[in-house]
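A.B. asks: One structure, pasted below without further comment.
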Amino acid sequence: MTGSEASPPFRLAYVPGVTPAKWVRIWKERRPDVPLVLLPVPAAEASDVLRRGEADAGLVRLPVDRTVLSAIPLYTEATVVVAPKDHVVTVAEEVSLDELAGEVVLHPLDDVLDWEQPPGEPAFERPATTEDAVEHVASGIGILYVPQSLARLHHRKDLTYRTVVDAPRSDVALSWPEDATTDLVEDFIGIVRGRTVNSTRGRTQAPAEPQTKAKAKRTETPARRKPATGKTTGRTGKNPRGSSGGAKGTKRGKPRGR
């Protein structure tokens, strides 16, 4: 196949913290004829990227505009607090918002958690990004609430994090423009939902297996006939001894002399 005849790629946007590697691997196994292009986008811009048609689908954080975008929730992430390693928060495996109420809290402009203002004392200004906020935590300015995957993404040796049991959580979903539900989008939906390649609900299916010759032969073979009652194996139809035709009557011997 020449370059001009190659299939157009499937463009998948994804936001920070989301790891699409598993689904990408399955796509390459099932659709080796269609390249998959990954497009990293900021969480706040993901919906606009999909609306403008710059990606066929996206792994995004909810909520999205459901009037124009379809979405399938995939999983929910726990929220953690990021703090310096010597912070008092490290004495427990889990903490509550009440226990951190007296802390200075950084609230980045790209925050993905569903609250207007996280509990605690607000910092003097809001960092532009979560990455900037992590730098401020390392400088000792305050603490930061984020989904666990973002804490891992921006991990530093001088910082740690703990689960916050009562904080809002972040839902990750597969989303795409509702009026652009293409066959390739359907294929990717099947992958993220864990359907097998032969699933009747997924678009990409193996062709139906034709009936094999062996199966056809078994289907067409008539029932086996039973031997006729009393039939002998001799050349004549009568038993010379007048037997009723049982097993003994079929015994053959030398003919008698006349």
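Residue names in the structure tokens use chain letters A, B, ... in the order shown, residue numbers from 1 in each chain, and ligand numbers from 1 in the order shown.
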Would you please give, as a VMD selection string, all residues of range 35-96 of chain A that DSSP assigns to strand (DSSP E) based on the backbone?
C.D. replies: chain A and resid 36 to 40 57 to 61 69 to 77 79 to 84 94 to 95
A.B. asks: Can I get the selection written as a tab-separated table (two decimals), in the first residue's frame, with N, CA and C atoms?
C.D. replies:
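Wrote it out as part_36.tsv, contents follow:
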```
chain	number	residue	atom	x	y	z
A	36	LEU	N	-2.54	4.80	15.27
A	36	LEU	CA	-3.15	5.55	16.37
A	36	LEU	C	-2.18	6.64	16.80
A	37	VAL	N	-2.65	7.88	16.75
A	37	VAL	CA	-1.83	9.04	17.10
A	37	VAL	C	-2.30	9.57	18.45
A	38	LEU	N	-1.37	9.70	19.42
A	38	LEU	CA	-1.69	10.23	20.74
A	38	LEU	C	-1.46	11.73	20.78
A	39	LEU	N	-2.46	12.45	21.33
A	39	LEU	CA	-2.39	13.92	21.42
A	39	LEU	C	-2.54	14.35	22.86
A	40	PRO	N	-1.44	14.64	23.58
A	40	PRO	CA	-1.56	15.14	24.95
A	40	PRO	C	-2.14	16.55	24.96
A	57	ALA	N	-11.37	11.10	19.46
A	57	ALA	CA	-11.89	10.76	20.79
A	57	ALA	C	-10.83	11.20	21.80
A	58	GLY	N	-11.22	11.20	23.08
A	58	GLY	CA	-10.28	11.64	24.10
A	58	GLY	C	-10.51	10.96	25.43
A	59	LEU	N	-9.44	10.74	26.15
A	59	LEU	CA	-9.50	10.28	27.54
A	59	LEU	C	-9.43	11.53	28.40
A	60	VAL	N	-10.57	11.91	28.97
A	60	VAL	CA	-10.72	13.22	29.60
A	60	VAL	C	-11.21	13.05	31.04
A	61	ARG	N	-11.26	14.20	31.73
A	61	ARG	CA	-11.83	14.23	33.07
A	61	ARG	C	-13.21	14.86	33.01
A	69	LEU	N	-21.07	16.31	23.33
A	69	LEU	CA	-20.10	15.22	23.50
A	69	LEU	C	-20.74	14.02	24.18
A	70	SER	N	-20.42	12.85	23.69
A	70	SER	CA	-20.78	11.61	24.38
A	70	SER	C	-19.64	11.24	25.32
A	71	ALA	N	-19.93	10.49	26.37
A	71	ALA	CA	-18.89	10.11	27.33
A	71	ALA	C	-19.23	8.79	27.98
A	72	ILE	N	-18.22	7.96	28.16
A	72	ILE	CA	-18.35	6.69	28.87
A	72	ILE	C	-17.41	6.75	30.07
A	73	PRO	N	-17.92	6.84	31.30
A	73	PRO	CA	-17.04	6.85	32.47
A	73	PRO	C	-16.22	5.55	32.54
A	74	LEU	N	-14.94	5.69	32.84
A	74	LEU	CA	-14.04	4.54	32.90
A	74	LEU	C	-13.65	4.18	34.33
A	75	TYR	N	-13.24	5.16	35.11
A	75	TYR	CA	-12.84	4.89	36.50
A	75	TYR	C	-12.82	6.20	37.28
A	76	THR	N	-12.77	6.07	38.61
A	76	THR	CA	-12.72	7.23	39.51
A	76	THR	C	-11.41	7.19	40.28
A	77	GLU	N	-10.75	8.34	40.35
A	77	GLU	CA	-9.46	8.43	41.03
A	77	GLU	C	-9.61	8.98	42.45
A	79	THR	N	-8.40	11.16	45.65
A	79	THR	CA	-7.71	12.45	45.80
A	79	THR	C	-6.69	12.35	46.92
A	80	VAL	N	-5.53	12.97	46.71
A	80	VAL	CA	-4.47	12.93	47.71
A	80	VAL	C	-4.04	14.36	48.03
A	81	VAL	N	-3.37	14.52	49.16
A	81	VAL	CA	-2.76	15.79	49.52
A	81	VAL	C	-1.25	15.65	49.32
A	82	VAL	N	-0.67	16.60	48.60
A	82	VAL	CA	0.79	16.62	48.36
A	82	VAL	C	1.41	17.57	49.38
A	83	ALA	N	2.44	17.08	50.07
A	83	ALA	CA	3.09	17.86	51.14
A	83	ALA	C	4.57	17.50	51.21
A	84	PRO	N	5.39	18.36	51.85
A	84	PRO	CA	6.79	18.01	52.06
A	84	PRO	C	6.94	16.73	52.88
A	94	GLU	N	-3.95	7.90	55.89
A	94	GLU	CA	-5.08	8.64	55.34
A	94	GLU	C	-5.39	9.82	56.24
A	95	VAL	N	-5.93	10.89	55.65
A	95	VAL	CA	-6.28	12.08	56.42
A	95	VAL	C	-7.65	12.58	55.95
```
A.B. asks: Please, which residues in range 27-93 of chain A fall within 10 Å of range 108-131 of chain A when counting only C-alpha atoms, and what is the closest atom pair and distance in Å to one decimal for each, ordered by chain then residue number, as CSV?
C.D. replies:
```
residue,atom,partner,partner_atom,distance
A:Pro42,CA,A:Asp110,CA,8.2
A:Ala43,CA,A:Asp110,CA,7.3
A:Ala44,CA,A:Asp110,CA,6.6
A:Glu45,CA,A:Asp110,CA,9.8
A:Arg61,CA,A:Val112,CA,7.4
A:Leu62,CA,A:Val112,CA,8.6
A:Pro63,CA,A:Asp114,CA,9.0
A:Thr79,CA,A:Leu113,CA,8.5
```
A.B. asks: Could you turn the residues from that selection into a file that holds C-alpha atoms, as a compact mmCIF listing (two decimals), in the first residue's frame?
C.D. replies:
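Output file selection.txt follows:
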```txt
# COMPACT_ATOMS: atom_id res chain seq x y z
CA PRO A 42 -4.38 20.13 29.05
CA ALA A 43 -7.47 18.96 30.95
CA ALA A 44 -9.21 22.33 30.53
CA GLU A 45 -8.79 22.23 26.74
CA ARG A 61 -11.83 14.23 33.07
CA LEU A 62 -15.52 14.76 33.73
CA PRO A 63 -17.61 16.81 33.47
CA THR A 79 -7.71 12.45 45.80
```
A.B. asks: Please identify all polymer residues within 12 Å of Gly194 in chain A, counting only C-alpha atoms, omitting same-chain residues fewer than 3 positions from it, and present them as JSON, numbers by chain.
C.D. replies: {"A": [22, 23, 26, 27, 74, 187, 188, 189, 190, 191, 197, 198, 199, 201, 202]}
A.B. asks: Hey, which of A:Pro147, A:Pro8, A:Gly102, A:Pro32 ends up closest to Arg169 in chain A? Count only C-alpha atoms.
C.D. replies: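 Of A:Pro147, A:Pro8, A:Gly102, A:Pro32, the one nearest Arg169 in chain A is A:Pro147, counting only C-alpha atoms.
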A.B. asks: Nearest residue to His87 in chain A out of A:His155, A:Arg162, A:Arg31, A:Arg51, using only C-alpha atoms?
C.D. replies: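 Between A:His155, A:Arg162, A:Arg31, A:Arg51, the residue approaching His87 in chain A most closely is A:Arg162.
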A.B. asks: Can you work out the spacing between CA of Val146 in chain A and CA of Val49 in chain A in Å, to one decimal?
C.D. replies: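 Spanning CA of Val146 in chain A to CA of Val49 in chain A is a straight-line distance of 23.1 Å.
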